[in-house]
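For reference, the structure is listed below as structure tokens.
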There are 2 protein chains.
Amino acid sequence: MERSNMQQLMDKILSGDRRAFAQGISVIEDRRKGWQELLNEAYKNMNDHALIIGITGPGGAGKSTLTDKIITEYRKMDKKVGVIAVDPSSPFSGGAVLGDRVRMGAHSTDSNVFIRSLGSRGCIGGISEGTKRVLYLFKTFDFDVIIVESLGVGQDETEITNFVDVTLVALVPGFGDSIQMAKAGIQEIGDIFIVNKSDHPDAELFTNQLRFSFGDIPLGERPPIINTVASDGKGLDELMDAIASVVPKEYARREEKARRRINIEIESEILEKMMDITKGIVSKKAELVFYTKNKITPYDVAADIIEGISFHEE
Amino acid sequence: MERSNMQQLMDKILSGDRRAFAQGISVIEDRRKGWQELLNEAYKNMNDHALIIGITGPGGAGKSTLTDKIITEYRKMDKKVGVIAVDPSSPFSGGAVLGDRVRMGAHSTDSNVFIRSLGSRGCIGGISEGTKRVLYLFKTFDFDVIIVESLGVGQDETEITNFVDVTLVALVPGFGDSIQMAKAGIQEIGDIFIVNKSDHPDAELFTNQLRFSFGDIPLGERPPIINTVASDGKGLDELMDAIASVVPKEYARREEKARRRINIEIESEILEKMMDITKGIVSKKAELVFYTKNKITPYDVAADIIEGISFHEE
């Protein structure tokens with residue numbers, strides 16, 4: 001049987017064809033014709049070769065600069081690096097976004113670095129559907145290291161930890177404290193905390209507050225805190241050491257994370273389909289709620305619809 | 001037939017019993033026994049009397065101070081005001097959070113003001129399930145104005161607009177630009193934009209950038225931008241005028257928003273139940289994906305499960 005277009009594209013990607021890889025990412029990101037088949041192929045062909053590093057934190061924490069410097073460190077070790085970066089497609093300042101791109105562009109002539117920016121729609125807070133899917137494709141392309149940047153000011157914070165081996169949380173002292181403050185539970189997601197811009201006058205105070213917030217975690221299990229000034233490379237050696245030191249522990253969790261990812265994927269597929277299936281009846285019943293002036297509630301209606309759903313296991 | 005406990009609680013709430021109201025909120029927020037019945041009762045008994053104002057924006061924009069001042073303005077008009085505030089339950093700084101509470105507490109002896117802080121878990125970015133549900137209960141308690149504060153740095157930004165009449169977006173110049181920058185689509189959600197802390201040196205530049213970002217919106221439909229220094233009350237009169245001026249237009253959209261809310265409620269109920277129904281089979285099939293080393297993919301498995309779901313309309 002002849003191989004389909006998407007299978008052929010997958011073959012090229014597996015052979016290391018950079019253009020085919022870039023094209024494949026676009027197919028999946030833009031949901032072009034055949035994207036689901038390509039995703040399925042990617043899923044079957046991905047490998048566990050790469051160390052996957054997630055870097056998250058509020059805007060302004062210097063994630064792009066940190067990513068740039070981490071790439072440089074891995075290139076010194078002759079590692080092949082892939083990066084999925086966030087592109088906020090800002091309405092406020094195209095300039096600043098472009099600035100990020102240009103900065104990362106320092107590596108763009110290096111054939112052992114592949115950087116792809118994805119739109120942040122549905123991405124702010126955790127990791128978007130698009131990022132996950134593109135990450136599966138990255139895992140077929142034989143990188144040594146894959147860096148996934150995400151804008152971590154959201155409700156699905158913890159989800160990213162299931163998709164990466166090591167989660168770096170980048171914070172900055174002084175500015176945006178209130179943002180960081182809002183991030184209850186942040187201790188649970190970070191394997192390593194970075195206090196960037198640590199030349200800031202409030203850096204020591206902030207680092208202490210952060211350390212204090214780990215008080216409930218048993219000694220010996222507390223995540224390392226690394227002080228960096230990413231823009232001039234300060235603290236990068238310490239950061240790379242910290243990453244290397246947590247890798248064995250995190251690799252031991254790969255199976256558990258793989259299982260969780262599979263569950264997440266199946267569930268979100270089912271939910272998406274259920275939305276399609278019930279769309280018509282939901283709209284119709286919504287009218288009923290509206291016209292009875294809520295005497296029949298959405299909860300009544302939902303219970304009715306659910307009663308009409310039956311499920312048999314094959 | 002005797003009225004159930006929850007029906008009795010609802011009766012008390014409808015009679016204006018403040019303690020019963022506070023208790024009802026806790027029942028729904030903490031999902032105590034009977035919460036679904038109470039929610040259903042609230043849904044049936046809510047009215048459209050109150051003007052509902054949403055206030056969103058990044059942390060540090062001064063939302064609590066603005067809310068406090070808006071309460072004061074409405075109290076001058078002898079309006080009964082309810083507030084659902086965000087309590088980030090911070091791991092970093094209990095002090096600052098307490099500060100917010102104390103500030104709001106200035107109104108706590110006023111029997112015509114009712115302020116309730118809800119945890120922000122699952123709330124950052126848009127409006128949480130808990131907030132929505134509690135809002136339905138607020139709509140039974142005969143407020144003239146209900147203010148819903150939300151931490152708007154998330155993916156479900158636009159959802160809040162369906163639950164309130166007027167959406168205020170609070171921003172600040174200078175600090176956290178990058179956060180604001182990330183908020184693509186922010187123009188679509190705000191009925192009124194507030195540039196708070198407008199005594200900041202970059203305020204004029206920032207206001208101009210913001211105005212410029214409205215370039216694609218037809219003249220006459222662009223949302224007003226109000227400059228405030230909430231902490232000393234500057235700009236509050238202009239803000240109150242702006243709110244009054246957009247109310248008629250926004251009230252005209254109430255039906256459309258009510259329909260959308262009903263749809264959202266039915267869908268989320270169905271999805272939650274579907275998760276329960278398919279939980280067992282999903283876990284089982286996830287193992288299959290895991291042990292075949294992804295040769296069978298989550299997408300294959302989801303398709304199988306969906307095939308086993310049938311749906312009949314009664």
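So you can find residues: chains in the structure tokens are A, B, ... in the order shown, residues in each start at 1, and ligands are numbered from 1 in order.
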
Can you pull out every residue within 12 Å of Leu14 of chain B, counting only C-alpha atoms, but drop anything in the same chain fewer than 2 positions away, and send it as a short mmCIF file (atom, residue, chain, number, x, y, z; two decimals) with all heavy atoms, in the first residue's frame?
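And here's part_11.cif as it stands now:
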```cif
data_model
loop_
_atom_site.label_atom_id
_atom_site.label_comp_id
_atom_site.auth_asym_id
_atom_site.auth_seq_id
_atom_site.Cartn_x
_atom_site.Cartn_y
_atom_site.Cartn_z
N GLN B 7 -34.02 24.29 50.91
CA GLN B 7 -35.11 25.19 50.54
C GLN B 7 -35.37 26.19 51.66
O GLN B 7 -35.61 27.37 51.42
CB GLN B 7 -36.37 24.39 50.22
CG GLN B 7 -36.31 23.74 48.84
CD GLN B 7 -37.46 22.78 48.59
OE1 GLN B 7 -37.97 22.16 49.54
NE2 GLN B 7 -37.85 22.63 47.34
N GLN B 8 -35.28 25.69 52.89
CA GLN B 8 -35.46 26.60 54.05
C GLN B 8 -34.36 27.65 54.11
O GLN B 8 -34.62 28.83 54.37
CB GLN B 8 -35.49 25.80 55.34
CG GLN B 8 -36.80 25.03 55.53
CD GLN B 8 -36.79 24.18 56.81
OE1 GLN B 8 -36.20 24.57 57.82
NE2 GLN B 8 -37.43 23.04 56.76
N LEU B 9 -33.12 27.21 53.82
CA LEU B 9 -32.00 28.16 53.80
C LEU B 9 -32.24 29.21 52.72
O LEU B 9 -32.05 30.41 52.94
CB LEU B 9 -30.68 27.41 53.56
CG LEU B 9 -29.40 28.25 53.56
CD1 LEU B 9 -29.19 28.99 54.87
CD2 LEU B 9 -28.17 27.39 53.25
N MET B 10 -32.71 28.74 51.57
CA MET B 10 -33.00 29.66 50.46
C MET B 10 -34.09 30.66 50.87
O MET B 10 -33.98 31.85 50.57
CB MET B 10 -33.44 28.85 49.24
CG MET B 10 -33.49 29.65 47.95
SD MET B 10 -31.83 30.10 47.34
CE MET B 10 -31.97 31.89 47.30
N ASP B 11 -35.12 30.18 51.55
CA ASP B 11 -36.19 31.08 52.01
C ASP B 11 -35.61 32.20 52.88
O ASP B 11 -35.96 33.36 52.73
CB ASP B 11 -37.25 30.31 52.82
CG ASP B 11 -38.05 29.34 51.95
OD1 ASP B 11 -38.05 29.54 50.71
OD2 ASP B 11 -38.66 28.40 52.50
N LYS B 12 -34.73 31.79 53.81
CA LYS B 12 -34.12 32.79 54.70
C LYS B 12 -33.29 33.80 53.91
O LYS B 12 -33.32 34.99 54.19
CB LYS B 12 -33.20 32.10 55.72
CG LYS B 12 -33.93 31.50 56.91
CD LYS B 12 -32.92 31.07 57.96
CE LYS B 12 -33.53 30.06 58.92
NZ LYS B 12 -32.49 29.25 59.61
N GLY B 16 -33.69 38.12 53.13
CA GLY B 16 -32.68 39.13 53.43
C GLY B 16 -31.82 38.82 54.64
O GLY B 16 -31.11 39.70 55.15
N ASP B 17 -31.85 37.57 55.09
CA ASP B 17 -31.07 37.17 56.27
C ASP B 17 -29.58 37.06 55.90
O ASP B 17 -29.16 36.17 55.17
CB ASP B 17 -31.62 35.82 56.78
CG ASP B 17 -30.90 35.32 58.02
OD1 ASP B 17 -29.71 35.64 58.23
OD2 ASP B 17 -31.53 34.56 58.78
N ARG B 18 -28.81 38.00 56.44
CA ARG B 18 -27.40 38.09 56.10
C ARG B 18 -26.59 36.86 56.53
O ARG B 18 -25.69 36.42 55.82
CB ARG B 18 -26.85 39.33 56.82
CG ARG B 18 -25.88 40.17 56.04
CD ARG B 18 -25.54 41.41 56.86
NE ARG B 18 -24.12 41.69 56.77
CZ ARG B 18 -23.59 42.59 55.93
NH1 ARG B 18 -24.36 43.28 55.12
NH2 ARG B 18 -22.29 42.80 55.90
N ARG B 19 -26.91 36.35 57.70
CA ARG B 19 -26.16 35.17 58.16
C ARG B 19 -26.47 33.96 57.31
O ARG B 19 -25.58 33.18 56.98
CB ARG B 19 -26.50 34.87 59.64
CG ARG B 19 -25.72 35.78 60.58
CD ARG B 19 -25.90 35.36 62.02
NE ARG B 19 -25.53 33.98 62.29
CZ ARG B 19 -25.75 33.36 63.44
NH1 ARG B 19 -26.35 34.01 64.43
NH2 ARG B 19 -25.37 32.11 63.62
N ALA B 20 -27.74 33.81 56.95
CA ALA B 20 -28.11 32.70 56.08
C ALA B 20 -27.41 32.83 54.73
O ALA B 20 -26.93 31.84 54.16
CB ALA B 20 -29.62 32.67 55.89
N PHE B 21 -27.30 34.06 54.24
CA PHE B 21 -26.63 34.32 52.97
C PHE B 21 -25.17 33.89 53.04
O PHE B 21 -24.67 33.15 52.17
CB PHE B 21 -26.76 35.81 52.62
CG PHE B 21 -26.11 36.21 51.33
CD1 PHE B 21 -26.39 35.54 50.14
CD2 PHE B 21 -25.22 37.28 51.30
CE1 PHE B 21 -25.79 35.94 48.94
CE2 PHE B 21 -24.61 37.67 50.11
CZ PHE B 21 -24.89 36.99 48.94
N GLY B 24 -24.98 30.21 53.09
CA GLY B 24 -25.26 29.67 51.75
C GLY B 24 -24.04 29.74 50.84
O GLY B 24 -23.74 28.79 50.10
N GLU B 41 -31.76 25.96 43.55
CA GLU B 41 -32.73 26.90 44.12
C GLU B 41 -32.33 28.35 43.81
O GLU B 41 -33.18 29.18 43.45
CB GLU B 41 -32.80 26.72 45.65
CG GLU B 41 -33.51 25.46 46.10
CD GLU B 41 -34.98 25.44 45.66
OE1 GLU B 41 -35.66 26.47 45.78
OE2 GLU B 41 -35.43 24.37 45.19
N ALA B 42 -31.03 28.64 43.97
CA ALA B 42 -30.54 29.99 43.69
C ALA B 42 -30.82 30.35 42.24
O ALA B 42 -31.30 31.44 41.93
CB ALA B 42 -29.04 30.09 43.98
N LYS B 44 -33.11 29.28 40.32
CA LYS B 44 -34.54 29.54 40.07
C LYS B 44 -34.99 30.87 40.64
O LYS B 44 -35.95 31.46 40.18
CB LYS B 44 -35.38 28.43 40.72
CG LYS B 44 -35.33 27.12 39.97
CD LYS B 44 -36.15 26.07 40.71
CE LYS B 44 -35.94 24.69 40.11
NZ LYS B 44 -36.41 23.63 40.99
N ASN B 45 -34.32 31.32 41.69
CA ASN B 45 -34.79 32.50 42.42
C ASN B 45 -34.00 33.77 42.16
O ASN B 45 -34.28 34.80 42.77
CB ASN B 45 -34.79 32.21 43.93
CG ASN B 45 -35.92 31.27 44.31
OD1 ASN B 45 -37.08 31.66 44.27
ND2 ASN B 45 -35.58 30.02 44.63
N MET B 46 -33.02 33.69 41.28
CA MET B 46 -32.21 34.90 41.09
C MET B 46 -33.00 35.92 40.26
O MET B 46 -33.91 35.57 39.51
CB MET B 46 -30.88 34.55 40.45
CG MET B 46 -30.96 34.01 39.06
SD MET B 46 -29.31 33.47 38.54
CE MET B 46 -29.70 32.88 36.87
N ASN B 47 -32.64 37.18 40.46
CA ASN B 47 -33.32 38.24 39.70
C ASN B 47 -32.29 39.10 38.98
O ASN B 47 -31.09 38.96 39.20
CB ASN B 47 -34.18 39.07 40.64
CG ASN B 47 -33.34 39.84 41.62
OD1 ASN B 47 -32.53 40.69 41.25
ND2 ASN B 47 -33.48 39.51 42.92
N LEU B 137 -25.98 33.06 43.66
CA LEU B 137 -26.58 33.28 44.98
C LEU B 137 -26.65 34.78 45.29
O LEU B 137 -27.65 35.26 45.83
CB LEU B 137 -25.77 32.54 46.05
CG LEU B 137 -26.52 32.27 47.36
CD1 LEU B 137 -27.69 31.32 47.14
CD2 LEU B 137 -25.59 31.68 48.43
N PHE B 138 -25.61 35.52 44.93
CA PHE B 138 -25.63 36.98 45.11
C PHE B 138 -26.84 37.59 44.40
O PHE B 138 -27.43 38.55 44.87
CB PHE B 138 -24.34 37.62 44.59
CG PHE B 138 -23.25 37.77 45.63
CD1 PHE B 138 -22.63 36.67 46.19
CD2 PHE B 138 -22.83 39.04 46.07
CE1 PHE B 138 -21.62 36.80 47.15
CE2 PHE B 138 -21.83 39.19 47.03
CZ PHE B 138 -21.23 38.07 47.57
N LYS B 139 -27.21 37.00 43.26
CA LYS B 139 -28.31 37.56 42.47
C LYS B 139 -29.69 37.27 43.09
O LYS B 139 -30.71 37.68 42.57
CB LYS B 139 -28.25 37.03 41.02
CG LYS B 139 -27.09 37.63 40.25
CD LYS B 139 -26.90 36.97 38.90
CE LYS B 139 -27.76 37.64 37.82
NZ LYS B 139 -27.40 37.14 36.46
N THR B 140 -29.70 36.54 44.19
CA THR B 140 -30.97 36.34 44.91
C THR B 140 -31.09 37.31 46.09
O THR B 140 -32.10 37.31 46.77
CB THR B 140 -31.08 34.90 45.50
OG1 THR B 140 -30.12 34.75 46.55
CG2 THR B 140 -30.84 33.85 44.44
N PHE B 141 -30.02 38.08 46.36
CA PHE B 141 -29.97 38.80 47.65
C PHE B 141 -30.27 40.29 47.52
O PHE B 141 -29.98 41.07 48.41
CB PHE B 141 -28.62 38.56 48.33
CG PHE B 141 -28.64 38.77 49.82
CD1 PHE B 141 -29.41 37.96 50.64
CD2 PHE B 141 -27.90 39.79 50.40
CE1 PHE B 141 -29.43 38.16 52.02
CE2 PHE B 141 -27.90 39.99 51.78
CZ PHE B 141 -28.68 39.17 52.59
N ASP B 142 -30.79 40.68 46.39
CA ASP B 142 -31.33 42.03 46.25
C ASP B 142 -30.31 43.16 46.38
O ASP B 142 -30.62 44.21 46.94
CB ASP B 142 -32.45 42.22 47.30
CG ASP B 142 -33.53 43.13 46.73
OD1 ASP B 142 -33.71 43.11 45.50
OD2 ASP B 142 -34.16 43.87 47.51
N PHE B 143 -29.11 42.91 45.88
CA PHE B 143 -28.15 44.02 45.80
C PHE B 143 -28.54 44.96 44.66
O PHE B 143 -29.17 44.55 43.69
CB PHE B 143 -26.74 43.46 45.53
CG PHE B 143 -26.17 42.68 46.67
CD1 PHE B 143 -26.04 41.30 46.58
CD2 PHE B 143 -25.75 43.32 47.83
CE1 PHE B 143 -25.50 40.57 47.63
CE2 PHE B 143 -25.21 42.59 48.88
CZ PHE B 143 -25.08 41.22 48.78
#
```

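Using only C-alpha atoms, the contacts of Phe290 of chain B at a cut-off of 9 Å, with sequence neighbours closer than 3 positions omitted, comprise Glu255, Ala258, Arg259 and Ile262 of chain A; Lys285, Ala286, Glu287, Lys293, Asn294, Lys295, Ile296 and Thr297 of chain B.
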
Residues as selected, all heavy atoms, written as an mmCIF file, in the first residue's frame, can you do that?
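Okay, out_12.cif is ready:
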```
data_model
loop_
_atom_site.group_PDB
_atom_site.id
_atom_site.type_symbol
_atom_site.label_atom_id
_atom_site.label_comp_id
_atom_site.auth_asym_id
_atom_site.auth_seq_id
_atom_site.Cartn_x
_atom_site.Cartn_y
_atom_site.Cartn_z
ATOM 1 N N GLU A 255 7.798 7.345 33.683
ATOM 2 C CA GLU A 255 6.678 6.429 33.423
ATOM 3 C C GLU A 255 5.376 6.977 33.973
ATOM 4 O O GLU A 255 4.352 6.979 33.305
ATOM 5 C CB GLU A 255 6.935 5.062 34.076
ATOM 6 C CG GLU A 255 7.975 4.254 33.365
ATOM 7 C CD GLU A 255 7.789 2.747 33.597
ATOM 8 O OE1 GLU A 255 6.888 2.365 34.388
ATOM 9 O OE2 GLU A 255 8.535 1.973 32.990
ATOM 10 N N ALA A 258 4.220 9.743 31.843
ATOM 11 C CA ALA A 258 3.711 9.252 30.551
ATOM 12 C C ALA A 258 2.283 8.765 30.722
ATOM 13 O O ALA A 258 1.401 9.073 29.907
ATOM 14 C CB ALA A 258 4.599 8.121 30.023
ATOM 15 N N ARG A 259 2.047 8.021 31.792
ATOM 16 C CA ARG A 259 0.687 7.539 32.058
ATOM 17 C C ARG A 259 -0.285 8.702 32.225
ATOM 18 O O ARG A 259 -1.391 8.680 31.715
ATOM 19 C CB ARG A 259 0.655 6.690 33.328
ATOM 20 C CG ARG A 259 1.225 5.317 33.177
ATOM 21 C CD ARG A 259 0.754 4.439 34.336
ATOM 22 N NE ARG A 259 0.868 3.027 34.019
ATOM 23 C CZ ARG A 259 1.948 2.289 34.273
ATOM 24 N NH1 ARG A 259 3.009 2.836 34.829
ATOM 25 N NH2 ARG A 259 1.955 1.005 33.960
ATOM 26 N N ILE A 262 -1.086 10.304 28.910
ATOM 27 C CA ILE A 262 -2.007 9.488 28.101
ATOM 28 C C ILE A 262 -3.438 9.695 28.578
ATOM 29 O O ILE A 262 -4.348 9.914 27.776
ATOM 30 C CB ILE A 262 -1.611 7.994 28.172
ATOM 31 C CG1 ILE A 262 -0.241 7.772 27.533
ATOM 32 C CG2 ILE A 262 -2.677 7.135 27.488
ATOM 33 C CD1 ILE A 262 0.369 6.393 27.800
ATOM 34 N N LYS B 285 -7.692 1.842 29.222
ATOM 35 C CA LYS B 285 -7.149 1.977 27.867
ATOM 36 C C LYS B 285 -5.817 2.738 27.879
ATOM 37 O O LYS B 285 -4.979 2.541 27.013
ATOM 38 C CB LYS B 285 -8.148 2.691 26.963
ATOM 39 C CG LYS B 285 -9.458 1.943 26.772
ATOM 40 C CD LYS B 285 -9.412 1.021 25.567
ATOM 41 C CE LYS B 285 -10.783 0.407 25.324
ATOM 42 N NZ LYS B 285 -10.859 -0.337 24.072
ATOM 43 N N ALA B 286 -5.643 3.623 28.865
ATOM 44 C CA ALA B 286 -4.381 4.339 28.980
ATOM 45 C C ALA B 286 -3.239 3.345 29.192
ATOM 46 O O ALA B 286 -2.149 3.489 28.631
ATOM 47 C CB ALA B 286 -4.430 5.349 30.124
ATOM 48 N N GLU B 287 -3.526 2.302 29.959
ATOM 49 C CA GLU B 287 -2.520 1.253 30.178
ATOM 50 C C GLU B 287 -2.135 0.573 28.867
ATOM 51 O O GLU B 287 -0.979 0.249 28.628
ATOM 52 C CB GLU B 287 -3.052 0.197 31.159
ATOM 53 C CG GLU B 287 -3.076 0.657 32.597
ATOM 54 C CD GLU B 287 -1.688 1.007 33.111
ATOM 55 O OE1 GLU B 287 -0.838 0.108 33.243
ATOM 56 O OE2 GLU B 287 -1.438 2.205 33.372
ATOM 57 N N LYS B 293 3.760 0.799 23.975
ATOM 58 C CA LYS B 293 4.751 1.839 23.683
ATOM 59 C C LYS B 293 4.240 2.797 22.607
ATOM 60 O O LYS B 293 4.943 3.089 21.629
ATOM 61 C CB LYS B 293 6.082 1.224 23.264
ATOM 62 C CG LYS B 293 6.726 0.384 24.368
ATOM 63 C CD LYS B 293 8.181 0.073 24.049
ATOM 64 C CE LYS B 293 8.754 -0.946 25.003
ATOM 65 N NZ LYS B 293 8.694 -0.542 26.423
ATOM 66 N N ASN B 294 3.002 3.225 22.788
ATOM 67 C CA ASN B 294 2.380 4.232 21.929
ATOM 68 C C ASN B 294 2.026 3.747 20.524
ATOM 69 O O ASN B 294 1.645 4.566 19.689
ATOM 70 C CB ASN B 294 3.241 5.490 21.812
ATOM 71 C CG ASN B 294 3.575 6.081 23.158
ATOM 72 O OD1 ASN B 294 2.768 6.022 24.080
ATOM 73 N ND2 ASN B 294 4.764 6.614 23.291
ATOM 74 N N LYS B 295 2.198 2.449 20.254
ATOM 75 C CA LYS B 295 1.810 1.983 18.907
ATOM 76 C C LYS B 295 0.295 2.128 18.756
ATOM 77 O O LYS B 295 -0.218 2.377 17.671
ATOM 78 C CB LYS B 295 2.248 0.527 18.659
ATOM 79 C CG LYS B 295 3.750 0.330 18.637
ATOM 80 C CD LYS B 295 4.451 1.218 17.588
ATOM 81 C CE LYS B 295 5.954 1.339 17.880
ATOM 82 N NZ LYS B 295 6.539 2.620 17.466
ATOM 83 N N ILE B 296 -0.398 1.895 19.846
ATOM 84 C CA ILE B 296 -1.793 2.324 19.889
ATOM 85 C C ILE B 296 -1.778 3.690 20.578
ATOM 86 O O ILE B 296 -1.211 3.832 21.661
ATOM 87 C CB ILE B 296 -2.654 1.335 20.704
ATOM 88 C CG1 ILE B 296 -2.657 -0.022 19.979
ATOM 89 C CG2 ILE B 296 -4.071 1.858 20.889
ATOM 90 C CD1 ILE B 296 -3.312 -1.128 20.776
ATOM 91 N N THR B 297 -2.347 4.694 19.937
ATOM 92 C CA THR B 297 -2.232 6.055 20.476
ATOM 93 C C THR B 297 -3.469 6.435 21.296
ATOM 94 O O THR B 297 -4.514 5.786 21.184
ATOM 95 C CB THR B 297 -2.068 7.080 19.338
ATOM 96 O OG1 THR B 297 -3.319 7.192 18.647
ATOM 97 C CG2 THR B 297 -0.973 6.670 18.357
#
```

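Across B:Asp232, B:Glu267, B:Glu204, B:Asp144, the tightest approach to chain A is made by B:Glu267 when counting only C-alpha atoms.
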
Handout entry: Atom-to-atom span, atom CA of Lys132 of chain B and atom CA of Tyr291 of chain A, Å
Key =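 Separation of atom CA of Lys132 of chain B and atom CA of Tyr291 of chain A: 21.0 Å.
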
Exercise for the section: Can you work out the spacing between atom CA of Thr207 of chain B and atom CA of Asn227 of chain B in Å, to one decimal? Expected result: 8.3 Å

Problem - Filtered DSSP result for segment 4-54 of chain B, state helix (DSSP H, G or I), as number ranges by chain - result: B: 5-14, 18-29, 35-45

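Proximity ranking of A:Phe114, A:Phe163, A:Phe212, A:Tyr136 relative to chain B places A:Phe212 first, based on only C-alpha atoms.
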
Practice task
Might you pull out every residue within 7 Å of Pro173 of chain A, with only C-alpha atoms counted and same-chain residues fewer than 4 positions away left off, and present them as number ranges by chain?
Solution key: A: 177, 200, 202-203, 206

Handout entry: Nearest candidate to chain A (options B:Asp191, B:Glu269, B:Glu73, B:Asp216; using only C-alpha atoms)
Key =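 Comparing B:Asp191, B:Glu269, B:Glu73, B:Asp216 against chain A, the winner is B:Glu269.
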
Problem - Residues within 12 Å of Gly82 of chain B, only C-alpha atoms, excluding chain neighbours under 4 positions, as a VMD selection string - result: chain B and resid 18 21 to 22 50 to 54 67 to 68 70 to 71 74 to 75 104 107 to 108 110 to 117 134 to 135 137 to 149
